[in-house]
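Quick notes on the structure that follows.
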Amino acid sequence: MQLKPLSPASLAAILCITLPAEGLSQGTPATSELVVHTQIKKLALMVSLDQLDGFQQRRQEWRSDPAGYNNIRLQLHHGDLKLDWQGDTPSRIDGTLSSLKISRDLYSGPSCRGSQQGGISAGSSFVNGDSSALLSERGANLPVGQNQLQSHFIGAYFSDYRNTGHYFDLQAKLAYLRTDSRAHSGRSATRHGVQIALSAESGLDIALGEHYNLEPQAQLLANYTSLNAFSANGYRMDTGVTPELNLRLGLRAYATGKPHFAFANFWYTLDGDDELYGSGQLELKSPRGARWLELGLGTRLLQLPFADLSLDIRYRSAADDYDWSDISANLGLSWAW
């Protein structure tokens, strides 16, 4: 599908500020800069979802092992990041997302009904992508600039796994954000901010005979991102701080005692509007609601007495009016300490 162009009213509002009759003034950003900046908060959300992965992903799919088998885990992620957005400034980004995460169990042991574990995590994520937008009625998807984002976080988690196969998992994280945006007009800006996120997840391991298991899952994530305003020669743009809510419904399958697994996830970002405020009464809105599917296959590559190595490949695709898809790989190493 093609992105819808700016509405005449929205385009006129932007052009009144960015393209005066005597040419582009030194103190106001070009239309391309506005498009680039509307993407930042959405990129921060996608990074947060990657950092708050699920309970079994954090354990790297070792369902047949006790919760305390390995107490330190290192996860490496790299893949495409290709996303579309609509609203007052329809746009697209084509880039990559890379991340590193390490977690350490501070407590792990049996309980009267199963096992529990709690610990801390830390990591970093990096996004680098080319931004493009539909800025005219001709329908051309035009390059407008580049966005880079880095996120460094610390977090904590607690999990309760029951002998019945039911589990409950809580996560919280605090992240520092830095974004570097460059528009084709030549202007660039660096912004800093903080991000707070919470996650609650529950699932149930269901045996299908003696050899196969299915595990339905549900995860709810709340995310709050606050970035400082961008200022250039008297012009100011500020991103709204409306929190985001996300829901993940998942289904995972594996064979008992085997190293292979498969999973499918449906992601839903609840409806709402992200807002960008600018000097001169400018206010742009971008719909936040989105739905996408995620499919994946994985296996345990190596098992040693005190360490394991895993790999999974994931494919994501839009499940709404947007038009994007990407693929990524995740490598996990866990060891006992």
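Each chain in the structure tokens gets a letter, A, B and so on, in the order shown; residues start at 1 in every chain, and ligands are counted from 1 in the order they appear.
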
Near-Cys112 (chain A) list (12 Å; only C-alpha atoms; drop same-chain fewer than 4 positions) as a PyMOL selection string: chain A and resi 116+160-163

What would the file look like if the residues just selected were written as a short mmCIF file (atom, residue, chain, number, x, y, z; two decimals), in the first residue's frame with C-alpha atoms?
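Written file, part-v3.cif:
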```cif
data_model
loop_
_atom_site.label_atom_id
_atom_site.label_comp_id
_atom_site.auth_asym_id
_atom_site.auth_seq_id
_atom_site.Cartn_x
_atom_site.Cartn_y
_atom_site.Cartn_z
CA GLN A 116 10.78 -18.45 41.98
CA ASP A 160 6.86 -17.29 39.93
CA TYR A 161 6.70 -20.66 38.13
CA ARG A 162 4.16 -23.17 39.48
CA ASN A 163 4.27 -26.96 39.33
#
```

List as a CSV table (one decimal) with all heavy atoms, in the first residue's frame the protein and nucleic acid residues near Leu106 (chain A), meaning an atom at most 12 Å away when only C-alpha atoms are counted, but skip any in the same chain fewer than 3 places from it.
```csv
chain,number,residue,atom,x,y,z
A,68,GLY,N,16.7,-22.3,38.2
A,68,GLY,CA,18.0,-21.8,38.6
A,68,GLY,C,19.2,-22.5,38.0
A,68,GLY,O,20.3,-22.5,38.4
A,70,ASN,N,20.9,-22.0,35.1
A,70,ASN,CA,21.9,-21.0,34.8
A,70,ASN,C,21.4,-19.7,35.3
A,70,ASN,O,20.3,-19.3,35.1
A,70,ASN,CB,22.1,-20.9,33.3
A,70,ASN,CG,22.9,-22.1,32.7
A,70,ASN,OD1,23.7,-22.7,33.4
A,70,ASN,ND2,22.5,-22.6,31.5
A,71,ASN,N,22.3,-18.9,36.0
A,71,ASN,CA,21.8,-17.7,36.7
A,71,ASN,C,22.3,-16.4,36.0
A,71,ASN,O,22.0,-15.4,36.5
A,71,ASN,CB,22.2,-17.8,38.1
A,71,ASN,CG,23.7,-18.0,38.4
A,71,ASN,OD1,24.5,-17.9,37.4
A,71,ASN,ND2,24.1,-18.2,39.6
A,72,ILE,N,23.1,-16.5,35.0
A,72,ILE,CA,23.6,-15.3,34.2
A,72,ILE,C,23.3,-15.6,32.7
A,72,ILE,O,23.6,-16.6,32.2
A,72,ILE,CB,25.1,-15.0,34.4
A,72,ILE,CG1,25.4,-14.8,35.9
A,72,ILE,CG2,25.5,-13.8,33.6
A,72,ILE,CD1,26.8,-14.5,36.2
A,103,SER,N,21.4,-10.4,32.2
A,103,SER,CA,20.6,-10.5,33.4
A,103,SER,C,21.3,-11.4,34.4
A,103,SER,O,22.0,-12.4,34.0
A,103,SER,CB,19.2,-11.0,33.0
A,103,SER,OG,19.2,-12.2,32.4
A,109,GLY,N,15.2,-20.3,43.4
A,109,GLY,CA,15.1,-21.5,44.2
A,109,GLY,C,13.7,-22.0,44.3
A,109,GLY,O,12.7,-21.4,43.8
A,116,GLN,N,10.8,-19.9,42.1
A,116,GLN,CA,10.8,-18.5,42.0
A,116,GLN,C,12.2,-18.0,41.6
A,116,GLN,O,13.2,-18.6,42.0
A,116,GLN,CB,10.3,-17.8,43.2
A,116,GLN,CG,8.8,-18.1,43.6
A,116,GLN,CD,8.4,-17.4,44.9
A,116,GLN,OE1,9.3,-17.0,45.7
A,116,GLN,NE2,7.1,-17.1,45.0
A,117,GLN,N,12.2,-16.8,41.0
A,117,GLN,CA,13.5,-16.2,40.7
A,117,GLN,C,13.3,-14.7,40.6
A,117,GLN,O,12.3,-14.2,40.2
A,117,GLN,CB,14.1,-16.7,39.4
A,117,GLN,CG,13.3,-16.5,38.1
A,117,GLN,CD,14.0,-17.0,36.9
A,117,GLN,OE1,13.5,-16.9,35.8
A,117,GLN,NE2,15.2,-17.6,37.0
A,118,GLY,N,14.3,-14.0,41.0
A,118,GLY,CA,14.3,-12.5,40.9
A,118,GLY,C,15.7,-12.1,40.7
A,118,GLY,O,16.7,-12.7,41.1
A,119,GLY,N,15.9,-11.0,39.9
A,119,GLY,CA,17.2,-10.5,39.6
A,119,GLY,C,17.2,-9.1,39.0
A,119,GLY,O,16.2,-8.4,38.9
A,120,ILE,N,18.3,-8.8,38.4
A,120,ILE,CA,18.5,-7.5,37.8
A,120,ILE,C,19.0,-7.7,36.4
A,120,ILE,O,19.5,-8.7,36.0
A,120,ILE,CB,19.5,-6.6,38.6
A,120,ILE,CG1,20.9,-7.3,38.7
A,120,ILE,CG2,18.9,-6.2,39.9
A,120,ILE,CD1,21.9,-6.5,39.4
A,121,SER,N,18.8,-6.7,35.5
A,121,SER,CA,19.2,-6.7,34.1
A,121,SER,C,19.7,-5.3,33.7
A,121,SER,O,19.4,-4.3,34.3
A,121,SER,CB,18.1,-7.1,33.2
A,121,SER,OG,17.0,-6.2,33.4
A,156,ALA,N,14.8,-4.7,36.7
A,156,ALA,CA,14.6,-5.8,37.7
A,156,ALA,C,13.5,-6.7,37.2
A,156,ALA,O,12.6,-6.2,36.5
A,156,ALA,CB,14.4,-5.2,39.0
A,157,TYR,N,13.5,-7.9,37.7
A,157,TYR,CA,12.4,-8.9,37.3
A,157,TYR,C,12.2,-9.8,38.5
A,157,TYR,O,13.0,-10.1,39.3
A,157,TYR,CB,12.8,-9.7,36.1
A,157,TYR,CG,14.1,-10.4,36.1
A,157,TYR,CD1,14.2,-11.7,36.7
A,157,TYR,CD2,15.3,-9.8,35.7
A,157,TYR,CE1,15.4,-12.4,36.7
A,157,TYR,CE2,16.5,-10.5,35.7
A,157,TYR,CZ,16.5,-11.8,36.3
A,157,TYR,OH,17.7,-12.4,36.3
A,158,PHE,N,10.9,-10.4,38.5
A,158,PHE,CA,10.6,-11.4,39.5
A,158,PHE,C,9.6,-12.4,38.8
A,158,PHE,O,8.7,-11.9,38.1
A,158,PHE,CB,9.9,-10.8,40.7
A,158,PHE,CG,9.3,-11.9,41.6
A,158,PHE,CD1,10.1,-12.5,42.5
A,158,PHE,CD2,7.9,-12.2,41.6
A,158,PHE,CE1,9.6,-13.5,43.3
A,158,PHE,CE2,7.4,-13.2,42.4
A,158,PHE,CZ,8.3,-13.8,43.3
A,159,SER,N,9.9,-13.7,38.9
A,159,SER,CA,9.1,-14.7,38.3
A,159,SER,C,8.6,-15.7,39.3
A,159,SER,O,9.4,-16.1,40.2
A,159,SER,CB,9.9,-15.4,37.1
A,159,SER,OG,10.4,-14.4,36.2
A,337,TRP,N,27.1,-19.4,37.6
A,337,TRP,CA,28.2,-18.6,38.3
A,337,TRP,C,28.1,-18.9,39.8
A,337,TRP,O,27.1,-18.7,40.4
A,337,TRP,CB,28.0,-17.1,38.0
A,337,TRP,CG,29.2,-16.3,38.6
A,337,TRP,CD1,29.2,-15.7,39.8
A,337,TRP,CD2,30.4,-16.0,38.0
A,337,TRP,NE1,30.4,-15.1,40.0
A,337,TRP,CE2,31.2,-15.3,38.9
A,337,TRP,CE3,31.0,-16.4,36.8
A,337,TRP,CZ2,32.4,-14.8,38.6
A,337,TRP,CZ3,32.3,-15.9,36.5
A,337,TRP,CH2,33.0,-15.1,37.4
```

Near-Thr269 (chain A) list (8 Å; only C-alpha atoms; drop same-chain fewer than 4 positions) as an MDAnalysis selection string: chainID A and resid 244:247 288:291

What would the file look like if the residues just selected were written as a PDB file, in the first residue's frame with C-alpha atoms?
```pdb
ATOM      1  CA  GLU A 244       1.784   3.917  25.628  1.00  0.00           C
ATOM      2  CA  LEU A 245       0.096   0.602  26.395  1.00  0.00           C
ATOM      3  CA  ASN A 246       0.956  -2.568  24.503  1.00  0.00           C
ATOM      4  CA  LEU A 247      -0.514  -6.060  24.547  1.00  0.00           C
ATOM      5  CA  ARG A 288      -0.120   5.456  17.897  1.00  0.00           C
ATOM      6  CA  GLY A 289      -2.318   2.377  17.377  1.00  0.00           C
ATOM      7  CA  ALA A 290      -0.663  -0.485  15.511  1.00  0.00           C
ATOM      8  CA  ARG A 291      -0.939  -4.261  15.151  1.00  0.00           C
TER       9      ARG A 291
END
```

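Of the residues listed (A:Tyr254, A:Phe126, A:Tyr107, A:Trp292), A:Phe126 shows the shortest atom-to-atom separation from Arg178 (chain A); distances use only C-alpha atoms.
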
Closest of A:Asn265, A:Leu297, A:Val127, A:Pro143 to Asp312 (chain A) - atom-to-atom distances counting only C-alpha atoms: A:Leu297

Compile the contact shell of Ser125 (chain A) as an mmCIF file with all heavy atoms, in the first residue's frame: residues with an atom at most 9 Å away, counting only C-alpha atoms, same-chain residues fewer than 3 positions apart removed.
```
data_model
loop_
_atom_site.group_PDB
_atom_site.id
_atom_site.type_symbol
_atom_site.label_atom_id
_atom_site.label_comp_id
_atom_site.auth_asym_id
_atom_site.auth_seq_id
_atom_site.Cartn_x
_atom_site.Cartn_y
_atom_site.Cartn_z
ATOM 1 N N VAL A 47 12.078 0.117 20.708
ATOM 2 C CA VAL A 47 13.260 -0.297 21.453
ATOM 3 C C VAL A 47 12.864 -0.823 22.829
ATOM 4 O O VAL A 47 13.388 -1.841 23.307
ATOM 5 C CB VAL A 47 14.246 0.879 21.577
ATOM 6 C CG1 VAL A 47 15.326 0.575 22.612
ATOM 7 C CG2 VAL A 47 14.885 1.167 20.227
ATOM 8 N N SER A 48 11.916 -0.174 23.478
ATOM 9 C CA SER A 48 11.484 -0.603 24.799
ATOM 10 C C SER A 48 10.844 -1.987 24.757
ATOM 11 O O SER A 48 11.072 -2.825 25.643
ATOM 12 C CB SER A 48 10.499 0.417 25.385
ATOM 13 O OG SER A 48 10.117 0.054 26.708
ATOM 14 N N ASP A 50 11.542 -4.326 22.696
ATOM 15 C CA ASP A 50 12.617 -5.297 22.505
ATOM 16 C C ASP A 50 13.350 -5.565 23.821
ATOM 17 O O ASP A 50 13.759 -6.694 24.097
ATOM 18 C CB ASP A 50 13.594 -4.773 21.451
ATOM 19 C CG ASP A 50 14.810 -5.668 21.287
ATOM 20 O OD1 ASP A 50 14.660 -6.787 20.767
ATOM 21 O OD2 ASP A 50 15.915 -5.250 21.692
ATOM 22 N N GLN A 51 13.505 -4.558 24.651
ATOM 23 C CA GLN A 51 14.224 -4.724 25.911
ATOM 24 C C GLN A 51 13.415 -5.487 26.946
ATOM 25 O O GLN A 51 13.978 -6.223 27.764
ATOM 26 C CB GLN A 51 14.623 -3.353 26.459
ATOM 27 C CG GLN A 51 15.654 -2.638 25.598
ATOM 28 C CD GLN A 51 15.901 -1.205 26.031
ATOM 29 O OE1 GLN A 51 15.124 -0.630 26.808
ATOM 30 N NE2 GLN A 51 16.976 -0.611 25.535
ATOM 31 N N HIS A 77 20.980 -9.204 19.986
ATOM 32 C CA HIS A 77 19.916 -9.101 18.990
ATOM 33 C C HIS A 77 20.378 -8.195 17.853
ATOM 34 O O HIS A 77 20.993 -7.160 18.081
ATOM 35 C CB HIS A 77 18.654 -8.502 19.627
ATOM 36 C CG HIS A 77 17.589 -8.128 18.641
ATOM 37 N ND1 HIS A 77 16.510 -8.932 18.373
ATOM 38 C CD2 HIS A 77 17.438 -7.030 17.851
ATOM 39 C CE1 HIS A 77 15.751 -8.343 17.462
ATOM 40 N NE2 HIS A 77 16.295 -7.198 17.131
ATOM 41 N N LEU A 97 18.108 -2.512 14.088
ATOM 42 C CA LEU A 97 18.049 -2.463 15.545
ATOM 43 C C LEU A 97 18.994 -3.527 16.086
ATOM 44 O O LEU A 97 18.877 -4.705 15.748
ATOM 45 C CB LEU A 97 16.630 -2.726 16.044
ATOM 46 C CG LEU A 97 16.462 -2.992 17.553
ATOM 47 C CD1 LEU A 97 16.925 -1.793 18.368
ATOM 48 C CD2 LEU A 97 15.012 -3.342 17.882
ATOM 49 N N SER A 98 19.949 -3.097 16.911
ATOM 50 C CA SER A 98 20.897 -4.007 17.552
ATOM 51 C C SER A 98 20.846 -3.771 19.056
ATOM 52 O O SER A 98 20.694 -2.637 19.513
ATOM 53 C CB SER A 98 22.325 -3.769 17.042
ATOM 54 O OG SER A 98 22.398 -3.921 15.643
ATOM 55 N N SER A 99 20.977 -4.848 19.825
ATOM 56 C CA SER A 99 20.899 -4.688 21.274
ATOM 57 C C SER A 99 21.717 -5.758 21.979
ATOM 58 O O SER A 99 21.993 -6.834 21.431
ATOM 59 C CB SER A 99 19.442 -4.736 21.757
ATOM 60 O OG SER A 99 18.850 -5.995 21.465
ATOM 61 N N LEU A 100 22.099 -5.442 23.199
ATOM 62 C CA LEU A 100 22.809 -6.339 24.092
ATOM 63 C C LEU A 100 22.148 -6.252 25.450
ATOM 64 O O LEU A 100 21.855 -5.156 25.939
ATOM 65 C CB LEU A 100 24.278 -5.945 24.176
ATOM 66 C CG LEU A 100 25.191 -6.734 25.129
ATOM 67 C CD1 LEU A 100 26.617 -6.743 24.599
ATOM 68 C CD2 LEU A 100 25.180 -6.129 26.548
ATOM 69 N N LYS A 101 21.906 -7.404 26.064
ATOM 70 C CA LYS A 101 21.246 -7.425 27.367
ATOM 71 C C LYS A 101 21.861 -8.523 28.216
ATOM 72 O O LYS A 101 22.099 -9.634 27.741
ATOM 73 C CB LYS A 101 19.740 -7.675 27.206
ATOM 74 C CG LYS A 101 18.981 -7.778 28.517
ATOM 75 C CD LYS A 101 17.505 -8.022 28.270
ATOM 76 C CE LYS A 101 16.736 -8.178 29.575
ATOM 77 N NZ LYS A 101 15.290 -8.410 29.325
ATOM 78 N N LEU A 149 19.143 6.344 17.382
ATOM 79 C CA LEU A 149 18.679 6.326 18.770
ATOM 80 C C LEU A 149 19.490 5.300 19.542
ATOM 81 O O LEU A 149 19.743 4.196 19.043
ATOM 82 C CB LEU A 149 17.192 5.988 18.844
ATOM 83 C CG LEU A 149 16.541 5.976 20.232
ATOM 84 C CD1 LEU A 149 15.082 6.430 20.149
ATOM 85 C CD2 LEU A 149 16.588 4.572 20.863
ATOM 86 N N GLN A 150 19.907 5.666 20.733
ATOM 87 C CA GLN A 150 20.545 4.706 21.628
ATOM 88 C C GLN A 150 19.871 4.757 22.984
ATOM 89 O O GLN A 150 19.480 5.824 23.468
ATOM 90 C CB GLN A 150 22.040 4.953 21.748
ATOM 91 C CG GLN A 150 22.454 6.355 22.133
ATOM 92 C CD GLN A 150 23.960 6.499 22.205
ATOM 93 O OE1 GLN A 150 24.605 6.006 23.135
ATOM 94 N NE2 GLN A 150 24.533 7.160 21.212
ATOM 95 N N SER A 151 19.707 3.582 23.576
ATOM 96 C CA SER A 151 19.024 3.445 24.857
ATOM 97 C C SER A 151 19.868 2.565 25.764
ATOM 98 O O SER A 151 20.291 1.469 25.366
ATOM 99 C CB SER A 151 17.639 2.816 24.647
ATOM 100 O OG SER A 151 17.045 2.469 25.887
ATOM 101 N N HIS A 152 20.132 3.047 26.987
ATOM 102 C CA HIS A 152 20.902 2.298 27.976
ATOM 103 C C HIS A 152 20.022 2.143 29.222
ATOM 104 O O HIS A 152 19.551 3.146 29.770
ATOM 105 C CB HIS A 152 22.197 3.021 28.318
ATOM 106 C CG HIS A 152 22.995 3.422 27.105
ATOM 107 N ND1 HIS A 152 23.752 2.523 26.392
ATOM 108 C CD2 HIS A 152 23.120 4.622 26.469
ATOM 109 C CE1 HIS A 152 24.330 3.135 25.374
ATOM 110 N NE2 HIS A 152 23.966 4.405 25.394
ATOM 111 N N PHE A 153 19.793 0.914 29.653
ATOM 112 C CA PHE A 153 18.796 0.705 30.699
ATOM 113 C C PHE A 153 19.318 -0.202 31.807
ATOM 114 O O PHE A 153 20.256 -0.987 31.635
ATOM 115 C CB PHE A 153 17.526 0.100 30.099
ATOM 116 C CG PHE A 153 17.623 -1.381 29.808
ATOM 117 C CD1 PHE A 153 17.187 -2.324 30.731
ATOM 118 C CD2 PHE A 153 18.164 -1.841 28.618
ATOM 119 C CE1 PHE A 153 17.296 -3.674 30.483
ATOM 120 C CE2 PHE A 153 18.256 -3.189 28.350
ATOM 121 C CZ PHE A 153 17.823 -4.116 29.284
#
```
